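Data block below; observations after.
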Amino acid sequence: MRVEKKLFLGIVMSAAAVLGAEEVVHLSRLEKPASELQLHRDLFRREETRMPAPSRVRPEPIPVEAETRKQAAADATARVQRSIVYEGYIQRNGRLTAILSVDGEYFVAAAGEQLLDHLSVQALDQDQLVVLVDGKRHEIPFQGVGNNEP
């Protein structure tokens, strides 16, 4: 019998909780009359709803000054001369072969040889090395033992 009383009490409490939740949902607001729908424009008339076509204006290109181009070319040349170092040369049978490092990697090449995809040796003598990097000519001075000392 005790279990039945507890079960009945649980059912009564649940029903009271459901009936008390009515105010949480605010069912009283559903009883108010609906406000009228007001249209500010007629959706079915095309003439009134036409928008003006957007104008297509291209922005003016920003002019690149000749000095900026010269500075970029000078920066590229300085970058190439920092990355390629003419370390020395070997002379055999009257022909010079250059010892050079490109970004820390050492190569041995004679005039007319291709080293990397973008680098080829054009000419060399005991004082300088002439290379083509991406089709542009660069002169790299000799940095051997006698020239590095102050």
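Residue numbering restarts at 1 in every chain; chains get A, B, ... in the order shown in the structure tokens, and ligands count up from 1 in that same order.
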
Exercise. Skipping near chain neighbours, those fewer than 4 positions away, what residues fall within 10 Å of segment 78-83 of chain A using only C-alpha atoms, listed as a PyMOL selection string?
Worked result: chain A and resi 72-74+101-105+131+133+138-141

Problem set entry | atom CA of Leu129 of chain A to atom CA of Ala109 of chain A, straight-line distance in Å | 10.7 Å

Polymer residues at most 12 Å from Arg95 of chain A, only C-alpha atoms, same-chain spacing of 3 or more positions, as a compact mmCIF listing (two decimals) with N, CA and C atoms, in the first residue's frame:
```txt
# COMPACT_ATOMS: atom_id res chain seq x y z
N TYR A 89 89.06 29.13 -58.12
CA TYR A 89 89.07 28.58 -59.47
C TYR A 89 90.16 27.54 -59.57
N ILE A 90 90.03 26.70 -60.59
CA ILE A 90 91.02 25.68 -60.90
C ILE A 90 91.42 25.91 -62.35
N GLN A 91 92.74 25.89 -62.61
CA GLN A 91 93.21 26.09 -63.97
C GLN A 91 93.88 24.81 -64.45
N ARG A 92 93.30 24.19 -65.51
CA ARG A 92 93.83 22.98 -66.09
C ARG A 92 93.88 23.13 -67.60
N ALA A 98 85.36 27.21 -62.24
CA ALA A 98 85.02 27.99 -61.04
C ALA A 98 84.56 27.08 -59.92
N ALA A 109 82.09 24.43 -61.89
CA ALA A 109 81.54 24.60 -63.23
C ALA A 109 82.48 25.42 -64.09
N ALA A 110 82.48 25.09 -65.38
CA ALA A 110 83.26 25.86 -66.35
C ALA A 110 82.31 26.77 -67.11
N ALA A 111 82.87 27.65 -67.94
CA ALA A 111 82.06 28.58 -68.73
C ALA A 111 81.15 27.80 -69.67
N ALA A 123 80.69 33.21 -68.24
CA ALA A 123 82.11 33.45 -68.42
C ALA A 123 82.78 33.57 -67.06
N LEU A 124 84.09 33.34 -67.04
CA LEU A 124 84.82 33.52 -65.79
C LEU A 124 86.27 33.82 -66.09
N ASP A 125 86.85 34.58 -65.21
CA ASP A 125 88.29 34.81 -65.22
C ASP A 125 88.75 34.82 -63.76
N GLN A 126 89.98 35.22 -63.51
CA GLN A 126 90.51 35.15 -62.16
C GLN A 126 89.93 36.21 -61.23
```
